[in-house]
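Structure, as structure tokens:
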Amino acid sequence: MSMELPQCRLVYREYFPFWDKLTDQQREILCGNTTEYCFKKGTNIHGLEDSCTGAIMVISGSLRAYLLSENGREITLYRFKKGEVCMLSASCVLKSITFDVIIDAEEDSKVYIIRGDVMAQVAEENLYVQNYALDNAVKNFSDVVWVMQQIMFLSLDKRIAIFLWDEMSKSGSLTLKLTHEQIARYISSAREAVTRMLRYFASEGIVELSRKGIRITDKEKLRKLIL
């Protein structure tokens, strides 16, 4: 669904730091080439068919970006929440991108997508937009490096502990509605290994496991695993 100009201007003024540096024509071009989408949980948004979907802004919900190996193993790189923008789905804007990132809706989500070629045109004309795109990509690449460091250098118990702590901090809740399979995907491990480690955590009184998810019962013990 194409965006109404006033609504688009309000959203982009709030989330794009370069908005006031655009000309009226550039603002109209961006809004005129923005489409609103609603995706159900699990829907693929980018990476399986289109190499330049465009710049994706999350309005509600959550998206997950990951790599997929030849044998089907997923490596979660980062997740996007409300107000965050993914530029790696717009390879026509950042032509140095040479690897395929897949982006799915992690939950029911509403997003705005700016056509990649239009974003590239405005970035070429406006240095503020170009700098924003590059800064955004650098942050995403930093997240990728952090994930790879975890996979290569941290033990499984520490990786799971870090993940649980981060999820607890983000949600503000001690109960995390996550399956063992989801955690395995997020930290790029085998589900069986994650289940064994979570059972060990439970035996140590760190968490409680149930069909509803995982409840953190001893934050101090969990924190010590991270240190």
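As shown in the structure tokens, the chain order sets the letters A, B, ...; within each chain, residues go from 1, and ligands are also counted from 1 in the order they appear.
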Checklist line | Test item: residues at most 7 Å from segment 158-175 of chain A, only C-alpha atoms, excluding those fewer than 2 positions along its chain, as a list in words | finding: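 So the residues in contact are Gln150, Leu154, Ser155, Leu156, Lys177, Ile187, Gly213, Ile214, Arg215, Ile216, Leu222, Leu225 and Ile226 of chain A.
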Those same residues - N, CA and C atoms - I'd like them written as a PDB file, in the first residue's frame.
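See again_24.pdb below for the written result:
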ATOM      1  N   GLN A 150      31.428 -14.405  18.758  1.00  0.00           N
ATOM      2  CA  GLN A 150      30.757 -15.290  19.714  1.00  0.00           C
ATOM      3  C   GLN A 150      30.830 -16.746  19.264  1.00  0.00           C
ATOM      4  N   LEU A 154      33.512 -18.102  21.973  1.00  0.00           N
ATOM      5  CA  LEU A 154      32.841 -18.276  23.257  1.00  0.00           C
ATOM      6  C   LEU A 154      32.262 -19.683  23.388  1.00  0.00           C
ATOM      7  N   SER A 155      32.289 -20.204  24.612  1.00  0.00           N
ATOM      8  CA  SER A 155      31.704 -21.516  24.871  1.00  0.00           C
ATOM      9  C   SER A 155      30.181 -21.428  24.789  1.00  0.00           C
ATOM     10  N   LEU A 156      29.538 -22.583  24.630  1.00  0.00           N
ATOM     11  CA  LEU A 156      28.088 -22.608  24.451  1.00  0.00           C
ATOM     12  C   LEU A 156      27.358 -22.071  25.672  1.00  0.00           C
ATOM     13  N   LYS A 177       9.397 -16.125  26.202  1.00  0.00           N
ATOM     14  CA  LYS A 177       8.577 -17.049  25.417  1.00  0.00           C
ATOM     15  C   LYS A 177       9.334 -17.460  24.160  1.00  0.00           C
ATOM     16  N   ILE A 187      21.634 -18.304  18.157  1.00  0.00           N
ATOM     17  CA  ILE A 187      23.046 -18.377  18.530  1.00  0.00           C
ATOM     18  C   ILE A 187      23.831 -19.317  17.622  1.00  0.00           C
ATOM     19  N   GLY A 213       7.873 -21.495  28.021  1.00  0.00           N
ATOM     20  CA  GLY A 213       9.132 -20.841  27.697  1.00  0.00           C
ATOM     21  C   GLY A 213      10.166 -21.057  28.785  1.00  0.00           C
ATOM     22  N   ILE A 214      10.963 -20.055  29.031  1.00  0.00           N
ATOM     23  CA  ILE A 214      12.069 -20.139  29.983  1.00  0.00           C
ATOM     24  C   ILE A 214      11.925 -18.996  30.982  1.00  0.00           C
ATOM     25  N   ARG A 215      11.969 -19.351  32.258  1.00  0.00           N
ATOM     26  CA  ARG A 215      11.901 -18.326  33.305  1.00  0.00           C
ATOM     27  C   ARG A 215      13.245 -18.261  34.018  1.00  0.00           C
ATOM     28  N   ILE A 216      13.827 -17.075  34.064  1.00  0.00           N
ATOM     29  CA  ILE A 216      15.104 -16.883  34.751  1.00  0.00           C
ATOM     30  C   ILE A 216      14.834 -16.751  36.241  1.00  0.00           C
ATOM     31  N   LEU A 222      23.219 -16.255  36.542  1.00  0.00           N
ATOM     32  CA  LEU A 222      23.272 -16.053  35.095  1.00  0.00           C
ATOM     33  C   LEU A 222      24.338 -15.021  34.746  1.00  0.00           C
ATOM     34  N   LEU A 225      27.877 -16.320  34.734  1.00  0.00           N
ATOM     35  CA  LEU A 225      28.244 -17.120  33.556  1.00  0.00           C
ATOM     36  C   LEU A 225      28.740 -16.229  32.425  1.00  0.00           C
ATOM     37  N   ILE A 226      28.279 -14.991  32.395  1.00  0.00           N
ATOM     38  CA  ILE A 226      28.653 -14.058  31.325  1.00  0.00           C
ATOM     39  C   ILE A 226      30.040 -13.478  31.550  1.00  0.00           C
TER      40      ILE A 226
END
Notebook entry, point to check: Which neighbours of Asp104 of chain A fall inside 8 Å, counting only C-alpha atoms, when residues of the same chain fewer than 3 positions from it are skipped, and could you give them as a list in words?
Noted result: Lys41, Gly42, Thr43, Asn44, Ile45, His46, Leu63, Arg64 and Ala65 of chain A
Dump of C-alpha atoms for the selected residues, as a PDB file, in the first residue's frame:
ATOM      1  CA  LYS A  41       5.373 -14.076  11.467  1.00  0.00           C
ATOM      2  CA  GLY A  42       7.809 -16.244   9.495  1.00  0.00           C
ATOM      3  CA  THR A  43       7.276 -14.482   6.148  1.00  0.00           C
ATOM      4  CA  ASN A  44      10.411 -13.962   4.059  1.00  0.00           C
ATOM      5  CA  ILE A  45      10.891 -10.283   3.206  1.00  0.00           C
ATOM      6  CA  HIS A  46      14.290 -10.224   1.525  1.00  0.00           C
ATOM      7  CA  LEU A  63      12.601  -8.652  11.762  1.00  0.00           C
ATOM      8  CA  ARG A  64      15.471 -11.161  11.820  1.00  0.00           C
ATOM      9  CA  ALA A  65      18.448 -10.993   9.460  1.00  0.00           C
TER      10      ALA A  65
END
Notebook entry, point to check: Which residues come within 9 Å of segment 107-119 of chain A, counting only C-alpha atoms, excluding same-chain residues fewer than 5 positions away, as number ranges by chain?
Noted result: A: 3, 29-43, 52-63, 82, 89-93, 124, 129
Next item on the list: Return the single residue from A:Leu10, A:Ala202, A:Leu227, A:Leu88 that is closest to Asp135 of chain A, with distances computed using only C-alpha atoms.
Entry: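 Using only C-alpha atoms, Asp135 of chain A sits closest to A:Leu88.
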Next item on the list: Extract, using only C-alpha atoms, all DNA, RNA and protein residues at most 8 Å from segment 183-185 of chain A, discarding same-chain residues fewer than 2 positions from it, and format them as a ChimeraX atom specification.
Entry: /A:74-76,160,178-181,187-191,194
Check: With only C-alpha atoms as the atoms that count, which of A:Arg211, A:Arg27, A:Lys21, A:Arg79 lies nearest to Asn140 of chain A?
Finding: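 So, comparing all the options, the nearest one is A:Arg79.
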Notebook entry, point to check: If you run DSSP on this backbone, which residues of segment 109-150 of chain A come out as strand (DSSP E), and could you give them as a PyMOL selection string?
Noted result: chain A and resi 109-114
May I have the selected residues written with C-alpha atoms, as a short mmCIF file (atom, residue, chain, number, x, y, z; two decimals), in the first residue's frame?
data_model
loop_
_atom_site.label_atom_id
_atom_site.label_comp_id
_atom_site.auth_asym_id
_atom_site.auth_seq_id
_atom_site.Cartn_x
_atom_site.Cartn_y
_atom_site.Cartn_z
CA SER A 109 5.24 -6.84 11.59
CA LYS A 110 4.45 -3.63 9.73
CA VAL A 111 7.24 -2.08 7.68
CA TYR A 112 7.85 0.72 5.21
CA ILE A 113 10.04 -0.14 2.24
CA ILE A 114 11.68 2.54 0.10
#
As a JSON list (two decimals) with N, CA and C atoms, in the first residue's frame, please: all residues of segment 104-171 of chain A that backbone DSSP puts in alpha helix (DSSP H).
[["chain", "number", "residue", "atom", "x", "y", "z"],
["A", 116, "GLY", "N", 14.80, 0.53, -3.65],
["A", 116, "GLY", "CA", 16.25, 0.61, -3.59],
["A", 116, "GLY", "C", 16.86, 1.58, -4.58],
["A", 117, "ASP", "N", 16.37, 1.58, -5.81],
["A", 117, "ASP", "CA", 16.95, 2.47, -6.81],
["A", 117, "ASP", "C", 16.67, 3.93, -6.48],
["A", 118, "VAL", "N", 15.51, 4.20, -5.85],
["A", 118, "VAL", "CA", 15.17, 5.57, -5.46],
["A", 118, "VAL", "C", 16.05, 6.01, -4.30],
["A", 119, "MET", "N", 16.24, 5.13, -3.32],
["A", 119, "MET", "CA", 17.12, 5.45, -2.20],
["A", 119, "MET", "C", 18.53, 5.71, -2.70],
["A", 120, "ALA", "N", 18.97, 4.93, -3.68],
["A", 120, "ALA", "CA", 20.31, 5.11, -4.26],
["A", 120, "ALA", "C", 20.42, 6.46, -4.96],
["A", 121, "GLN", "N", 19.36, 6.85, -5.66],
["A", 121, "GLN", "CA", 19.36, 8.13, -6.38],
["A", 121, "GLN", "C", 19.47, 9.30, -5.40],
["A", 122, "VAL", "N", 18.67, 9.26, -4.32],
["A", 122, "VAL", "CA", 18.69, 10.35, -3.34],
["A", 122, "VAL", "C", 20.03, 10.37, -2.60],
["A", 123, "ALA", "N", 20.58, 9.19, -2.30],
["A", 123, "ALA", "CA", 21.88, 9.12, -1.62],
["A", 123, "ALA", "C", 22.99, 9.69, -2.48],
["A", 124, "GLU", "N", 22.88, 9.51, -3.78],
["A", 124, "GLU", "CA", 23.89, 10.04, -4.71],
["A", 124, "GLU", "C", 23.81, 11.57, -4.78],
["A", 125, "GLU", "N", 22.61, 12.09, -4.62],
["A", 125, "GLU", "CA", 22.41, 13.54, -4.70],
["A", 125, "GLU", "C", 22.70, 14.25, -3.37],
["A", 127, "LEU", "N", 24.59, 14.20, 0.36],
["A", 127, "LEU", "CA", 25.67, 13.62, 1.16],
["A", 127, "LEU", "C", 25.18, 13.14, 2.52],
["A", 128, "TYR", "N", 24.18, 13.80, 3.09],
["A", 128, "TYR", "CA", 23.66, 13.40, 4.40],
["A", 128, "TYR", "C", 23.01, 12.02, 4.33],
["A", 129, "VAL", "N", 22.29, 11.77, 3.25],
["A", 129, "VAL", "CA", 21.67, 10.46, 3.07],
["A", 129, "VAL", "C", 22.74, 9.39, 2.83],
["A", 130, "GLN", "N", 23.73, 9.74, 2.04],
["A", 130, "GLN", "CA", 24.82, 8.80, 1.77],
["A", 130, "GLN", "C", 25.55, 8.43, 3.05],
["A", 131, "ASN", "N", 25.84, 9.43, 3.89],
["A", 131, "ASN", "CA", 26.52, 9.16, 5.16],
["A", 131, "ASN", "C", 25.66, 8.31, 6.08],
["A", 132, "TYR", "N", 24.35, 8.56, 6.09],
["A", 132, "TYR", "CA", 23.43, 7.77, 6.90],
["A", 132, "TYR", "C", 23.46, 6.31, 6.47],
["A", 133, "ALA", "N", 23.40, 6.08, 5.17],
["A", 133, "ALA", "CA", 23.41, 4.71, 4.65],
["A", 133, "ALA", "C", 24.70, 3.99, 5.03],
["A", 134, "LEU", "N", 25.82, 4.69, 4.92],
["A", 134, "LEU", "CA", 27.11, 4.08, 5.25],
["A", 134, "LEU", "C", 27.22, 3.81, 6.76],
["A", 135, "ASP", "N", 26.80, 4.78, 7.58],
["A", 135, "ASP", "CA", 26.85, 4.59, 9.03],
["A", 135, "ASP", "C", 25.97, 3.42, 9.45],
["A", 136, "ASN", "N", 24.80, 3.33, 8.83],
["A", 136, "ASN", "CA", 23.87, 2.24, 9.13],
["A", 136, "ASN", "C", 24.51, 0.89, 8.79],
["A", 137, "ALA", "N", 25.14, 0.82, 7.62],
["A", 137, "ALA", "CA", 25.77, -0.43, 7.19],
["A", 137, "ALA", "C", 26.94, -0.81, 8.09],
["A", 138, "VAL", "N", 27.73, 0.20, 8.51],
["A", 138, "VAL", "CA", 28.87, -0.07, 9.41],
["A", 138, "VAL", "C", 28.37, -0.66, 10.72],
["A", 139, "LYS", "N", 27.29, -0.11, 11.26],
["A", 139, "LYS", "CA", 26.72, -0.65, 12.50],
["A", 139, "LYS", "C", 26.29, -2.09, 12.30],
["A", 140, "ASN", "N", 25.62, -2.38, 11.17],
["A", 140, "ASN", "CA", 25.19, -3.75, 10.91],
["A", 140, "ASN", "C", 26.38, -4.69, 10.78],
["A", 141, "PHE", "N", 27.44, -4.25, 10.09],
["A", 141, "PHE", "CA", 28.63, -5.07, 9.95],
["A", 141, "PHE", "C", 29.29, -5.30, 11.31],
["A", 142, "SER", "N", 29.25, -4.31, 12.19],
["A", 142, "SER", "CA", 29.81, -4.48, 13.53],
["A", 142, "SER", "C", 29.05, -5.57, 14.28],
["A", 143, "ASP", "N", 27.73, -5.59, 14.10],
["A", 143, "ASP", "CA", 26.93, -6.65, 14.71],
["A", 143, "ASP", "C", 27.31, -8.01, 14.16],
["A", 144, "VAL", "N", 27.57, -8.08, 12.85],
["A", 144, "VAL", "CA", 27.96, -9.33, 12.22],
["A", 144, "VAL", "C", 29.28, -9.83, 12.82],
["A", 145, "VAL", "N", 30.24, -8.93, 12.96],
["A", 145, "VAL", "CA", 31.55, -9.30, 13.52],
["A", 145, "VAL", "C", 31.38, -9.80, 14.94],
["A", 146, "TRP", "N", 30.53, -9.14, 15.74],
["A", 146, "TRP", "CA", 30.29, -9.56, 17.12],
["A", 146, "TRP", "C", 29.71, -10.97, 17.16],
["A", 147, "VAL", "N", 28.76, -11.25, 16.27],
["A", 147, "VAL", "CA", 28.16, -12.59, 16.20],
["A", 147, "VAL", "C", 29.22, -13.63, 15.86],
["A", 148, "MET", "N", 30.06, -13.34, 14.87],
["A", 148, "MET", "CA", 31.09, -14.28, 14.46],
["A", 148, "MET", "C", 32.09, -14.52, 15.59],
["A", 149, "GLN", "N", 32.42, -13.49, 16.34],
["A", 149, "GLN", "CA", 33.33, -13.64, 17.48],
["A", 149, "GLN", "C", 32.73, -14.57, 18.52],
["A", 150, "GLN", "N", 31.43, -14.41, 18.76],
["A", 150, "GLN", "CA", 30.76, -15.29, 19.71],
["A", 150, "GLN", "C", 30.83, -16.75, 19.26],
["A", 151, "ILE", "N", 30.52, -16.97, 17.99],
["A", 151, "ILE", "CA", 30.48, -18.34, 17.47],
["A", 151, "ILE", "C", 31.86, -18.98, 17.55],
["A", 152, "MET", "N", 32.90, -18.22, 17.23],
["A", 152, "MET", "CA", 34.24, -18.79, 17.14],
["A", 152, "MET", "C", 34.95, -18.90, 18.48],
["A", 153, "PHE", "N", 34.69, -17.95, 19.40],
["A", 153, "PHE", "CA", 35.54, -17.86, 20.58],
["A", 153, "PHE", "C", 34.85, -18.12, 21.92],
["A", 156, "LEU", "N", 29.54, -22.58, 24.63],
["A", 156, "LEU", "CA", 28.09, -22.61, 24.45],
["A", 156, "LEU", "C", 27.36, -22.07, 25.67],
["A", 157, "ASP", "N", 27.82, -22.42, 26.87],
["A", 157, "ASP", "CA", 27.11, -21.93, 28.06],
["A", 157, "ASP", "C", 27.15, -20.41, 28.15],
["A", 158, "LYS", "N", 28.27, -19.82, 27.78],
["A", 158, "LYS", "CA", 28.37, -18.36, 27.82],
["A", 158, "LYS", "C", 27.51, -17.72, 26.74],
["A", 159, "ARG", "N", 27.48, -18.31, 25.55],
["A", 159, "ARG", "CA", 26.66, -17.76, 24.47],
["A", 159, "ARG", "C", 25.18, -17.79, 24.84],
["A", 160, "ILE", "N", 24.73, -18.90, 25.44],
["A", 160, "ILE", "CA", 23.33, -18.98, 25.84],
["A", 160, "ILE", "C", 23.05, -18.00, 26.98],
["A", 161, "ALA", "N", 23.97, -17.89, 27.92],
["A", 161, "ALA", "CA", 23.78, -16.96, 29.03],
["A", 161, "ALA", "C", 23.68, -15.52, 28.53],
["A", 162, "ILE", "N", 24.55, -15.13, 27.60],
["A", 162, "ILE", "CA", 24.51, -13.78, 27.03],
["A", 162, "ILE", "C", 23.18, -13.55, 26.32],
["A", 163, "PHE", "N", 22.75, -14.54, 25.56],
["A", 163, "PHE", "CA", 21.49, -14.40, 24.83],
["A", 163, "PHE", "C", 20.31, -14.23, 25.79],
["A", 164, "LEU", "N", 20.25, -15.07, 26.83],
["A", 164, "LEU", "CA", 19.15, -14.97, 27.78],
["A", 164, "LEU", "C", 19.17, -13.63, 28.51],
["A", 165, "TRP", "N", 20.36, -13.17, 28.87],
["A", 165, "TRP", "CA", 20.48, -11.87, 29.56],
["A", 165, "TRP", "C", 20.01, -10.73, 28.66],
["A", 166, "ASP", "N", 20.43, -10.76, 27.40],
["A", 166, "ASP", "CA", 20.02, -9.72, 26.45],
["A", 166, "ASP", "C", 18.51, -9.72, 26.25],
["A", 167, "GLU", "N", 17.92, -10.92, 26.11],
["A", 167, "GLU", "CA", 16.48, -11.00, 25.92],
["A", 167, "GLU", "C", 15.73, -10.52, 27.15],
["A", 168, "MET", "N", 16.23, -10.87, 28.34],
["A", 168, "MET", "CA", 15.62, -10.40, 29.58],
["A", 168, "MET", "C", 15.68, -8.88, 29.66],
["A", 169, "SER", "N", 16.81, -8.30, 29.29],
["A", 169, "SER", "CA", 16.99, -6.85, 29.36],
["A", 169, "SER", "C", 16.07, -6.14, 28.36],
["A", 170, "LYS", "N", 15.95, -6.70, 27.16],
["A", 170, "LYS", "CA", 15.12, -6.07, 26.13],
["A", 170, "LYS", "C", 13.64, -6.13, 26.48],
["A", 171, "SER", "N", 13.20, -7.29, 26.97],
["A", 171, "SER", "CA", 11.78, -7.49, 27.22],
["A", 171, "SER", "C", 11.34, -6.94, 28.58]]
Next item on the list: Excluding Thr217 of chain A and any residue of its chain fewer than 6 positions from it, enumerate the residues within 7 Å of it, using only C-alpha atoms, and give them as a list in words.
Entry: Gly205, Ile206, Val207 and Glu208 of chain A
Write the residues you've just listed into a file as a short mmCIF file (atom, residue, chain, number, x, y, z; two decimals), in the first residue's frame, and include N, CA and C atoms for each of them.
data_model
loop_
_atom_site.label_atom_id
_atom_site.label_comp_id
_atom_site.auth_asym_id
_atom_site.auth_seq_id
_atom_site.Cartn_x
_atom_site.Cartn_y
_atom_site.Cartn_z
N GLY A 205 19.59 -24.23 39.09
CA GLY A 205 18.68 -23.24 39.65
C GLY A 205 18.71 -21.89 38.96
N ILE A 206 19.31 -21.85 37.76
CA ILE A 206 19.42 -20.58 37.03
C ILE A 206 18.13 -20.26 36.29
N VAL A 207 17.49 -21.30 35.72
CA VAL A 207 16.26 -21.11 34.97
C VAL A 207 15.26 -22.20 35.33
N GLU A 208 14.01 -21.97 34.97
CA GLU A 208 12.97 -22.99 35.01
C GLU A 208 12.47 -23.18 33.59
#
Notebook entry, point to check: If you measure from atom CA of Gly47 of chain A to atom CA of Cys8 of chain A, what distance in Å do you get, rounded to one decimal?
Noted result: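 Separating atom CA of Gly47 of chain A from atom CA of Cys8 of chain A is a distance of 25.6 Å.
Taking atom CA of Gly83 of chain A as the reference point, atom CA of Tyr15 of chain A is found at 6.1 Å.
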